[in-house]
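Enquirer: Enclosed is the structure file start_36.txt (compact mmCIF, C-alpha atoms).
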```
# COMPACT_ATOMS: atom_id res chain seq x y z
CA LYS G 192 14.00 2.22 10.94
CA GLN G 193 10.55 3.71 10.53
CA GLU G 194 7.74 1.84 12.30
CA VAL G 195 4.05 2.60 11.91
CA THR G 196 1.46 1.53 14.48
CA GLN G 197 -2.29 1.68 14.15
CA ILE G 198 -4.67 1.52 17.07
CA PRO G 199 -7.14 -0.08 17.45
CA ALA G 200 -6.61 -3.19 15.33
CA ALA G 201 -10.38 -3.59 15.01
CA LEU G 202 -13.35 -1.38 15.71
CA SER G 203 -17.09 -2.04 15.57
CA VAL G 204 -19.55 0.86 15.75
CA PRO G 205 -23.25 1.48 15.09
CA GLU G 206 -24.25 3.35 11.97
CA GLY G 207 -24.22 7.13 12.35
CA GLU G 208 -21.44 7.28 14.91
CA ASN G 209 -18.43 9.57 14.48
CA LEU G 210 -15.14 7.73 14.92
CA VAL G 211 -11.39 8.25 15.03
CA LEU G 212 -8.66 5.94 13.81
CA ASN G 213 -5.15 6.45 15.10
CA CYS G 214 -1.74 6.11 13.48
CA SER G 215 1.66 6.72 15.05
CA PHE G 216 5.14 6.63 13.51
CA THR G 217 8.57 6.53 15.12
CA ASP G 218 10.61 8.78 12.79
CA SER G 219 9.16 12.28 12.38
CA ALA G 220 11.28 12.97 9.27
CA ILE G 221 8.52 12.15 6.83
CA TYR G 222 7.70 13.59 3.41
CA ASN G 223 4.00 12.80 3.53
CA LEU G 224 1.46 10.47 5.12
CA GLN G 225 -1.36 8.67 3.36
CA TRP G 226 -4.52 6.93 4.47
CA PHE G 227 -5.77 4.02 2.36
CA ARG G 228 -8.88 1.91 2.37
CA GLN G 229 -8.82 -1.83 1.59
CA ASP G 230 -11.95 -3.86 1.00
CA PRO G 231 -11.77 -7.67 1.50
CA GLY G 232 -9.97 -9.37 -1.38
CA LYS G 233 -9.24 -6.05 -3.08
CA GLY G 234 -6.36 -3.67 -3.58
CA LEU G 235 -5.78 -0.41 -1.75
CA THR G 236 -7.52 2.85 -2.56
CA SER G 237 -5.98 6.14 -1.50
CA LEU G 238 -8.27 8.28 0.66
CA LEU G 239 -6.18 11.23 1.78
CA LEU G 240 -2.59 12.39 1.46
CA ILE G 241 -1.11 14.94 3.88
CA GLN G 242 2.17 16.64 3.10
CA SER G 243 4.61 17.05 5.99
CA SER G 244 3.99 20.80 5.95
CA GLN G 245 0.23 20.40 6.28
CA ARG G 246 -1.88 19.89 9.40
CA GLU G 247 -4.96 18.30 7.88
CA GLN G 248 -6.79 17.25 4.75
CA THR G 249 -10.51 16.75 4.19
CA SER G 250 -12.51 14.76 1.68
CA GLY G 251 -16.26 14.53 2.21
CA ARG G 252 -16.92 12.87 5.57
CA LEU G 253 -13.23 12.11 6.06
CA ASN G 254 -10.73 14.34 7.81
CA ALA G 255 -7.11 13.40 8.39
CA SER G 256 -4.80 15.32 10.69
CA LEU G 257 -1.05 15.21 11.06
CA ASP G 258 1.15 16.16 14.01
CA LYS G 259 4.59 15.45 12.65
CA SER G 260 6.49 16.49 15.76
CA SER G 261 4.65 13.97 17.93
CA GLY G 262 4.57 11.31 15.21
CA ARG G 263 0.79 11.01 15.06
CA SER G 264 -2.04 11.12 12.57
CA THR G 265 -5.75 10.58 12.99
CA LEU G 266 -8.47 9.74 10.49
CA TYR G 267 -11.86 11.09 11.51
CA ILE G 268 -14.94 9.59 9.88
CA ALA G 269 -18.17 11.50 10.40
CA ALA G 270 -21.62 9.93 10.42
CA SER G 271 -20.34 6.43 9.66
CA GLN G 272 -22.23 4.21 7.21
CA PRO G 273 -22.19 0.42 6.63
CA GLY G 274 -20.41 1.13 3.34
CA ASP G 275 -17.47 2.48 5.35
CA SER G 276 -16.75 -1.04 6.60
CA ALA G 277 -13.24 -1.89 5.44
CA THR G 278 -9.65 -2.00 6.65
CA TYR G 279 -8.00 1.41 6.89
CA LEU G 280 -4.24 1.59 6.43
CA CYS G 281 -1.87 4.39 7.30
CA ALA G 282 1.41 4.74 5.41
CA VAL G 283 4.32 7.15 5.71
CA ASN G 284 6.65 8.28 2.95
CA GLY G 285 10.15 9.07 4.14
CA GLY G 286 11.06 10.92 0.95
CA GLY G 287 14.47 10.40 -0.62
CA GLY G 288 13.14 10.45 -4.15
CA SER G 289 11.58 6.98 -4.40
CA GLU G 290 8.36 7.60 -2.47
CA LYS G 291 8.67 4.27 -0.66
CA LEU G 292 5.89 3.71 1.84
CA VAL G 293 5.99 2.10 5.27
CA PHE G 294 2.59 0.76 6.24
CA GLY G 295 0.84 0.15 9.53
CA LYS G 296 -1.03 -3.12 9.98
CA GLY G 297 -4.39 -1.43 9.63
CA THR G 298 -7.62 -0.96 11.55
CA LYS G 299 -10.52 -3.19 10.55
CA LEU G 300 -13.70 -1.13 10.79
CA THR G 301 -17.18 -2.62 10.94
CA VAL G 302 -20.16 -0.29 10.83
CA ASN G 303 -23.34 -2.06 11.91
CA PRO G 304 -26.73 -1.03 10.44
CA ASN K 296 -7.54 4.00 -18.51
CA ALA K 297 -7.15 0.66 -16.69
CA GLY K 298 -4.82 1.97 -13.98
CA VAL K 299 -2.67 -0.80 -12.49
CA THR K 300 -3.34 -4.38 -13.58
CA GLN K 301 -1.80 -7.62 -12.30
CA THR K 302 -1.53 -11.04 -13.91
CA PRO K 303 -2.40 -13.69 -12.78
CA LYS K 304 -5.07 -13.13 -10.13
CA PHE K 305 -4.44 -16.46 -8.41
CA ARG K 306 -1.81 -19.17 -8.70
CA VAL K 307 -0.90 -22.39 -6.93
CA LEU K 308 2.73 -23.52 -7.08
CA LYS K 309 4.63 -26.49 -5.76
CA THR K 310 7.78 -25.91 -3.74
CA GLY K 311 10.71 -25.34 -6.07
CA GLN K 312 8.68 -24.18 -9.06
CA SER K 313 9.26 -20.81 -10.64
CA MET K 314 6.88 -18.14 -11.84
CA THR K 315 6.65 -14.52 -12.90
CA LEU K 316 4.05 -12.01 -11.79
CA LEU K 317 3.30 -9.23 -14.24
CA CYS K 318 2.30 -5.69 -13.33
CA ALA K 319 1.27 -3.12 -15.92
CA GLN K 320 0.30 0.54 -15.56
CA ASP K 321 -1.04 2.95 -18.15
CA MET K 322 -0.60 6.20 -16.20
CA ASN K 323 2.93 6.95 -17.42
CA HIS K 324 4.22 6.65 -13.85
CA GLU K 325 7.94 6.68 -13.22
CA TYR K 326 7.94 4.61 -10.02
CA MET K 327 6.67 1.08 -9.50
CA TYR K 328 6.62 -1.17 -6.44
CA TRP K 329 5.99 -4.75 -5.39
CA TYR K 330 4.57 -5.44 -1.92
CA ARG K 331 3.50 -8.58 -0.14
CA GLN K 332 0.69 -8.64 2.40
CA ASP K 333 0.58 -11.28 5.11
CA PRO K 334 -1.83 -11.63 8.05
CA GLY K 335 -0.50 -9.80 11.08
CA MET K 336 2.44 -8.35 9.11
CA GLY K 337 0.85 -5.65 7.01
CA LEU K 338 2.24 -4.66 3.62
CA ARG K 339 5.99 -4.96 3.16
CA LEU K 340 8.00 -3.65 0.23
CA ILE K 341 9.82 -6.34 -1.77
CA HIS K 342 11.47 -4.39 -4.62
CA TYR K 343 10.87 -1.11 -6.35
CA SER K 344 11.89 0.83 -9.44
CA VAL K 345 12.33 4.55 -9.95
CA GLY K 346 12.50 4.33 -13.72
CA GLU K 347 12.80 2.12 -16.77
CA GLY K 348 15.85 -0.13 -16.47
CA THR K 349 16.33 0.50 -12.74
CA THR K 350 15.45 -1.66 -9.72
CA ALA K 351 16.23 -1.58 -6.01
CA LYS K 352 15.69 -3.77 -2.96
CA GLY K 353 12.99 -3.09 -0.44
CA GLU K 354 12.44 -4.48 3.02
CA VAL K 355 12.02 -8.19 2.13
CA PRO K 356 13.83 -8.87 -1.19
CA ASP K 357 15.23 -12.36 -0.55
CA GLY K 358 13.92 -15.05 -2.89
CA TYR K 359 12.60 -12.54 -5.44
CA ASN K 360 13.96 -10.87 -8.55
CA VAL K 361 12.49 -8.03 -10.59
CA SER K 362 12.88 -6.41 -13.97
CA ARG K 363 11.66 -3.15 -15.48
CA LEU K 364 12.52 -3.39 -19.18
CA LYS K 365 9.61 -1.17 -20.19
CA LYS K 366 8.31 1.85 -18.28
CA GLN K 367 4.79 0.47 -18.07
CA ASN K 368 5.72 -3.03 -16.86
CA PHE K 369 7.28 -4.35 -13.65
CA LEU K 370 7.88 -8.09 -13.34
CA LEU K 371 8.35 -10.01 -10.10
CA GLY K 372 10.02 -13.40 -10.36
CA LEU K 373 10.23 -16.31 -7.96
CA GLU K 374 13.03 -18.62 -9.08
CA SER K 375 12.37 -21.43 -6.59
CA ALA K 376 9.12 -20.97 -4.69
CA ALA K 377 8.94 -21.75 -0.97
CA PRO K 378 5.88 -22.12 1.29
CA SER K 379 7.00 -18.93 3.09
CA GLN K 380 6.23 -17.05 -0.13
CA THR K 381 2.54 -17.86 0.16
CA SER K 382 1.05 -14.39 0.28
CA VAL K 383 -0.96 -11.76 -1.53
CA TYR K 384 1.22 -9.68 -3.81
CA PHE K 385 0.35 -6.11 -4.70
CA CYS K 386 1.88 -3.93 -7.35
CA ALA K 387 1.69 -0.14 -7.15
CA SER K 388 2.84 2.81 -9.20
CA SER K 389 3.29 6.49 -8.61
CA TYR K 390 4.77 9.76 -9.77
CA GLN K 391 4.13 11.55 -12.93
CA ARG K 392 5.81 14.94 -12.99
CA GLY K 393 3.24 17.50 -11.89
CA GLY K 394 0.73 14.83 -10.94
CA PRO K 395 -0.56 13.57 -7.57
CA GLU K 396 1.92 11.86 -5.30
CA THR K 397 -0.27 9.03 -4.13
CA GLN K 398 0.44 5.41 -5.00
CA TYR K 399 -2.07 3.52 -7.12
CA PHE K 400 -2.48 -0.17 -6.36
CA GLY K 401 -3.40 -3.17 -8.46
CA PRO K 402 -6.02 -5.73 -7.35
CA GLY K 403 -3.45 -8.22 -6.09
CA THR K 404 -2.23 -11.73 -6.92
CA ARG K 405 -2.93 -14.52 -4.47
CA LEU K 406 -0.11 -17.06 -4.45
CA LEU K 407 -0.24 -20.39 -2.65
CA VAL K 408 2.95 -22.44 -2.47
CA LEU K 409 2.45 -26.04 -1.43
```
How does this structure look as structure tokens?
Expert:
Amino acid sequence: KQEVTQIPAALSVPEGENLVLNCSFTDSAIYNLQWFRQDPGKGLTSLLLIQSSQREQTSGRLNASLDKSSGRSTLYIAASQPGDSATYLCAVNGGGGSEKLVFGKGTKLTVNP
Amino acid sequence: NAGVTQTPKFRVLKTGQSMTLLCAQDMNHEYMYWYRQDPGMGLRLIHYSVGEGTTAKGEVPDGYNVSRLKKQNFLLGLESAAPSQTSVYFCASSYQRGGPETQYFGPGTRLLVL
């Protein structure tokens, strides 16, 4: 059974700092991995999707990497801003035609002005 | 283009009552999903559908039923609500042939069972 772990559970940083969020998964047979953002009381918004054949994806100040063989992904946020404060969720898709996702419990990020 | 919408946004039920949560998507997606999110547990898949008229069990299906009579709608039913079903319920959809593979989420339904 696939298990996804995110470390740390919470992180507080000053504005402008570069930071890394970690995600690990137990079964390396994945189809893709996604990073989502969730604001309090809201739904999830997809940030980046990395296919199993890819090593990284970038969108603006965000960069996600994937090391499938070691079961790890990182989300790098450059020059953090207070607006980046949210919970970040990692999810893996095991394929099989249904695109079911297994989620980690998330990292709650607070960026202080 | 409204994306994924959920009805209602919030509901309070008494133990034993029944209700149906409605999810609708206007992106012509084939796949739809129901998740629940609980503190300390993350999001867990309840049921999902890979096409109109099809449904399948996810990780935590007990106490729930679903139906996908129309491609754009996915209904989640609670026949006899229990306090353990107090949660935030999210619907998601994905997959249009040739389109992006990400899942799109609705805003959630907060359910309190007393």
Enquirer: Ranking G:Thr217, G:Thr196, G:Ser260, G:Thr278 by minimum distance to Lys233 (chain G) and counting only C-alpha atoms, which one comes first?
Expert: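 Of G:Thr217, G:Thr196, G:Ser260, G:Thr278, the one nearest Lys233 (chain G), counting only C-alpha atoms, is G:Thr278.
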Enquirer: Box time for region 277-281 of chain G: axis-aligned, enclosing all its listed atoms, 3 Å extra on each side; report centre and edge lengths in Å to one decimal, as lines of an AutoDock Vina configuration file.
Expert:
```
center_x = -7.6
center_y = 1.2
center_z = 6.4
size_x = 17.4
size_y = 12.4
size_z = 7.9
```
Enquirer: Mind dumping a table of every chain K residue within 9 Å of chain G, with the nearest atom pair and its distance in Å to one decimal, using all atoms listed in the file, sorted by chain and rising number, as JSON lines?
Expert:
```
{"residue": "K:Tyr326", "atom": "CA", "partner": "G:Ser289", "partner_atom": "CA", "distance": 7.1}
{"residue": "K:Tyr328", "atom": "CA", "partner": "G:Lys291", "partner_atom": "CA", "distance": 8.2}
{"residue": "K:Pro334", "atom": "CA", "partner": "G:Lys296", "partner_atom": "CA", "distance": 8.8}
{"residue": "K:Gly335", "atom": "CA", "partner": "G:Lys296", "partner_atom": "CA", "distance": 6.8}
{"residue": "K:Met336", "atom": "CA", "partner": "G:Lys296", "partner_atom": "CA", "distance": 6.3}
{"residue": "K:Gly337", "atom": "CA", "partner": "G:Lys296", "partner_atom": "CA", "distance": 4.3}
{"residue": "K:Leu338", "atom": "CA", "partner": "G:Phe294", "partner_atom": "CA", "distance": 6.0}
{"residue": "K:Arg339", "atom": "CA", "partner": "G:Phe294", "partner_atom": "CA", "distance": 7.3}
{"residue": "K:Leu340", "atom": "CA", "partner": "G:Leu292", "partner_atom": "CA", "distance": 7.8}
{"residue": "K:Tyr343", "atom": "CA", "partner": "G:Lys291", "partner_atom": "CA", "distance": 8.1}
{"residue": "K:Ser344", "atom": "CA", "partner": "G:Ser289", "partner_atom": "CA", "distance": 8.0}
{"residue": "K:Val345", "atom": "CA", "partner": "G:Ser289", "partner_atom": "CA", "distance": 6.1}
{"residue": "K:Gly353", "atom": "CA", "partner": "G:Lys291", "partner_atom": "CA", "distance": 8.5}
{"residue": "K:Phe385", "atom": "CA", "partner": "G:Gly234", "partner_atom": "CA", "distance": 7.2}
{"residue": "K:Ser389", "atom": "CA", "partner": "G:Glu290", "partner_atom": "CA", "distance": 8.0}
{"residue": "K:Tyr390", "atom": "CA", "partner": "G:Glu290", "partner_atom": "CA", "distance": 8.4}
{"residue": "K:Glu396", "atom": "CA", "partner": "G:Leu240", "partner_atom": "CA", "distance": 8.1}
{"residue": "K:Thr397", "atom": "CA", "partner": "G:Ser237", "partner_atom": "CA", "distance": 6.9}
{"residue": "K:Gln398", "atom": "CA", "partner": "G:Ser237", "partner_atom": "CA", "distance": 7.3}
{"residue": "K:Tyr399", "atom": "CA", "partner": "G:Thr236", "partner_atom": "CA", "distance": 7.1}
{"residue": "K:Phe400", "atom": "CA", "partner": "G:Leu235", "partner_atom": "CA", "distance": 5.7}
{"residue": "K:Gly401", "atom": "CA", "partner": "G:Gly234", "partner_atom": "CA", "distance": 5.7}
{"residue": "K:Pro402", "atom": "CA", "partner": "G:Gly234", "partner_atom": "CA", "distance": 4.3}
{"residue": "K:Gly403", "atom": "CA", "partner": "G:Gly234", "partner_atom": "CA", "distance": 6.0}
```
Enquirer: Write the residues of the preceding selection, restricted to C-alpha atoms, as an mmCIF file, in the frame of the given file.
Expert:
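Resulting contents of again.cif:
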```
data_model
loop_
_atom_site.group_PDB
_atom_site.id
_atom_site.type_symbol
_atom_site.label_atom_id
_atom_site.label_comp_id
_atom_site.auth_asym_id
_atom_site.auth_seq_id
_atom_site.Cartn_x
_atom_site.Cartn_y
_atom_site.Cartn_z
ATOM 1 C CA TYR K 326 7.940 4.610 -10.020
ATOM 2 C CA TYR K 328 6.620 -1.170 -6.440
ATOM 3 C CA PRO K 334 -1.830 -11.630 8.050
ATOM 4 C CA GLY K 335 -0.500 -9.800 11.080
ATOM 5 C CA MET K 336 2.440 -8.350 9.110
ATOM 6 C CA GLY K 337 0.850 -5.650 7.010
ATOM 7 C CA LEU K 338 2.240 -4.660 3.620
ATOM 8 C CA ARG K 339 5.990 -4.960 3.160
ATOM 9 C CA LEU K 340 8.000 -3.650 0.230
ATOM 10 C CA TYR K 343 10.870 -1.110 -6.350
ATOM 11 C CA SER K 344 11.890 0.830 -9.440
ATOM 12 C CA VAL K 345 12.330 4.550 -9.950
ATOM 13 C CA GLY K 353 12.990 -3.090 -0.440
ATOM 14 C CA PHE K 385 0.350 -6.110 -4.700
ATOM 15 C CA SER K 389 3.290 6.490 -8.610
ATOM 16 C CA TYR K 390 4.770 9.760 -9.770
ATOM 17 C CA GLU K 396 1.920 11.860 -5.300
ATOM 18 C CA THR K 397 -0.270 9.030 -4.130
ATOM 19 C CA GLN K 398 0.440 5.410 -5.000
ATOM 20 C CA TYR K 399 -2.070 3.520 -7.120
ATOM 21 C CA PHE K 400 -2.480 -0.170 -6.360
ATOM 22 C CA GLY K 401 -3.400 -3.170 -8.460
ATOM 23 C CA PRO K 402 -6.020 -5.730 -7.350
ATOM 24 C CA GLY K 403 -3.450 -8.220 -6.090
#
```
Enquirer: Report, in Å to a single decimal, how far apart CA of Leu371 (chain K) and CA of Tyr330 (chain K) are.
Expert: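 Here the two named atoms are 10.1 Å from each other.
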Enquirer: Could you state the separation of CA of Glu325 (chain K) and CA of Tyr222 (chain G) in Å, given to one decimal place?
Expert: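 For CA of Glu325 (chain K) relative to CA of Tyr222 (chain G), the distance reads 18.0 Å.
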Enquirer: Calculated over all atoms listed in the file, which of the candidates G:Ala270, G:Leu257, G:Ile198, G:Val302 has the smallest distance to Leu212 (chain G)?
Expert: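 Looking only at the distances to Leu212 (chain G), the closest residue turns out to be G:Ile198.
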Enquirer: Provide the CA of Phe216 (chain G) to CA of His324 (chain K) distance in Å, to one decimal place.
Expert: 27.4 Å
Enquirer: Show me, as a PDB file with C-alpha atoms, in the frame of the given file, the residues that have an atom within 8 Å of region 373-376 of chain K when counting only C-alpha atoms, minus same-chain residues fewer than 4 positions from it.
Expert:
```
ATOM      1  CA  LEU K 308       2.730 -23.520  -7.080  1.00  0.00           C
ATOM      2  CA  LYS K 309       4.630 -26.490  -5.760  1.00  0.00           C
ATOM      3  CA  THR K 310       7.780 -25.910  -3.740  1.00  0.00           C
ATOM      4  CA  GLY K 311      10.710 -25.340  -6.070  1.00  0.00           C
ATOM      5  CA  GLN K 312       8.680 -24.180  -9.060  1.00  0.00           C
ATOM      6  CA  SER K 313       9.260 -20.810 -10.640  1.00  0.00           C
ATOM      7  CA  MET K 314       6.880 -18.140 -11.840  1.00  0.00           C
ATOM      8  CA  THR K 315       6.650 -14.520 -12.900  1.00  0.00           C
ATOM      9  CA  GLY K 358      13.920 -15.050  -2.890  1.00  0.00           C
ATOM     10  CA  TYR K 359      12.600 -12.540  -5.440  1.00  0.00           C
ATOM     11  CA  ASN K 360      13.960 -10.870  -8.550  1.00  0.00           C
ATOM     12  CA  GLN K 380       6.230 -17.050  -0.130  1.00  0.00           C
ATOM     13  CA  VAL K 408       2.950 -22.440  -2.470  1.00  0.00           C
TER      14      VAL K 408
END
```
Enquirer: Given the choices G:Pro231, G:Pro199, G:Pro304, G:Gly286, which gets closest to Gln272 (chain G) if the distance is worked out from all atoms listed in the file?
Expert: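 Selected residue with least distance to Gln272 (chain G): G:Pro304.
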Enquirer: Would you pull region 300-313 of chain K out of the block just shown and save N, CA, C and O atoms as a PDB file, in the first residue's frame?
Expert:
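What ended up in result.pdb:
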```pdb
ATOM      1  N   THR K 300     -17.974  22.392  -8.917  1.00  0.00           N
ATOM      2  CA  THR K 300     -18.804  23.017  -7.892  1.00  0.00           C
ATOM      3  C   THR K 300     -19.395  21.952  -6.984  1.00  0.00           C
ATOM      4  O   THR K 300     -19.628  20.812  -7.420  1.00  0.00           O
ATOM      5  N   GLN K 301     -19.626  22.303  -5.728  1.00  0.00           N
ATOM      6  CA  GLN K 301     -20.183  21.370  -4.750  1.00  0.00           C
ATOM      7  C   GLN K 301     -21.358  22.023  -4.037  1.00  0.00           C
ATOM      8  O   GLN K 301     -21.323  23.197  -3.704  1.00  0.00           O
ATOM      9  N   THR K 302     -22.375  21.210  -3.793  1.00  0.00           N
ATOM     10  CA  THR K 302     -23.577  21.658  -3.083  1.00  0.00           C
ATOM     11  C   THR K 302     -23.944  20.633  -2.033  1.00  0.00           C
ATOM     12  O   THR K 302     -23.986  19.433  -2.343  1.00  0.00           O
ATOM     13  N   PRO K 303     -24.254  21.005  -0.765  1.00  0.00           N
ATOM     14  CA  PRO K 303     -24.175  22.368  -0.221  1.00  0.00           C
ATOM     15  C   PRO K 303     -22.760  22.713   0.225  1.00  0.00           C
ATOM     16  O   PRO K 303     -21.868  21.865   0.157  1.00  0.00           O
ATOM     17  N   LYS K 304     -22.550  23.886   0.725  1.00  0.00           N
ATOM     18  CA  LYS K 304     -21.246  24.288   1.265  1.00  0.00           C
ATOM     19  C   LYS K 304     -21.092  23.837   2.710  1.00  0.00           C
ATOM     20  O   LYS K 304     -19.989  23.545   3.177  1.00  0.00           O
ATOM     21  N   PHE K 305     -22.191  23.791   3.437  1.00  0.00           N
ATOM     22  CA  PHE K 305     -22.156  23.426   4.857  1.00  0.00           C
ATOM     23  C   PHE K 305     -23.478  22.777   5.233  1.00  0.00           C
ATOM     24  O   PHE K 305     -24.533  23.184   4.751  1.00  0.00           O
ATOM     25  N   ARG K 306     -23.395  21.763   6.091  1.00  0.00           N
ATOM     26  CA  ARG K 306     -24.627  21.083   6.507  1.00  0.00           C
ATOM     27  C   ARG K 306     -24.424  20.503   7.897  1.00  0.00           C
ATOM     28  O   ARG K 306     -23.332  20.002   8.228  1.00  0.00           O
ATOM     29  N   VAL K 307     -25.475  20.567   8.703  1.00  0.00           N
ATOM     30  CA  VAL K 307     -25.491  19.926  10.009  1.00  0.00           C
ATOM     31  C   VAL K 307     -26.556  18.837   9.973  1.00  0.00           C
ATOM     32  O   VAL K 307     -27.701  19.091   9.586  1.00  0.00           O
ATOM     33  N   LEU K 308     -26.180  17.640  10.371  1.00  0.00           N
ATOM     34  CA  LEU K 308     -27.094  16.503  10.396  1.00  0.00           C
ATOM     35  C   LEU K 308     -27.160  15.926  11.802  1.00  0.00           C
ATOM     36  O   LEU K 308     -26.200  16.049  12.576  1.00  0.00           O
ATOM     37  N   LYS K 309     -28.257  15.274  12.097  1.00  0.00           N
ATOM     38  CA  LYS K 309     -28.351  14.488  13.318  1.00  0.00           C
ATOM     39  C   LYS K 309     -28.010  13.046  12.980  1.00  0.00           C
ATOM     40  O   LYS K 309     -28.230  12.588  11.841  1.00  0.00           O
ATOM     41  N   THR K 310     -27.477  12.333  13.939  1.00  0.00           N
ATOM     42  CA  THR K 310     -27.153  10.921  13.743  1.00  0.00           C
ATOM     43  C   THR K 310     -28.361  10.166  13.204  1.00  0.00           C
ATOM     44  O   THR K 310     -29.478  10.311  13.717  1.00  0.00           O
ATOM     45  N   GLY K 311     -28.131   9.390  12.138  1.00  0.00           N
ATOM     46  CA  GLY K 311     -29.195   8.607  11.538  1.00  0.00           C
ATOM     47  C   GLY K 311     -29.867   9.264  10.344  1.00  0.00           C
ATOM     48  O   GLY K 311     -30.552   8.582   9.568  1.00  0.00           O
ATOM     49  N   GLN K 312     -29.691  10.570  10.178  1.00  0.00           N
ATOM     50  CA  GLN K 312     -30.289  11.241   9.033  1.00  0.00           C
ATOM     51  C   GLN K 312     -29.507  10.906   7.770  1.00  0.00           C
ATOM     52  O   GLN K 312     -28.351  10.469   7.817  1.00  0.00           O
ATOM     53  N   SER K 313     -30.164  11.142   6.641  1.00  0.00           N
ATOM     54  CA  SER K 313     -29.512  10.889   5.361  1.00  0.00           C
ATOM     55  C   SER K 313     -29.359  12.186   4.600  1.00  0.00           C
ATOM     56  O   SER K 313     -30.070  13.164   4.857  1.00  0.00           O
TER      57      SER K 313
END
```
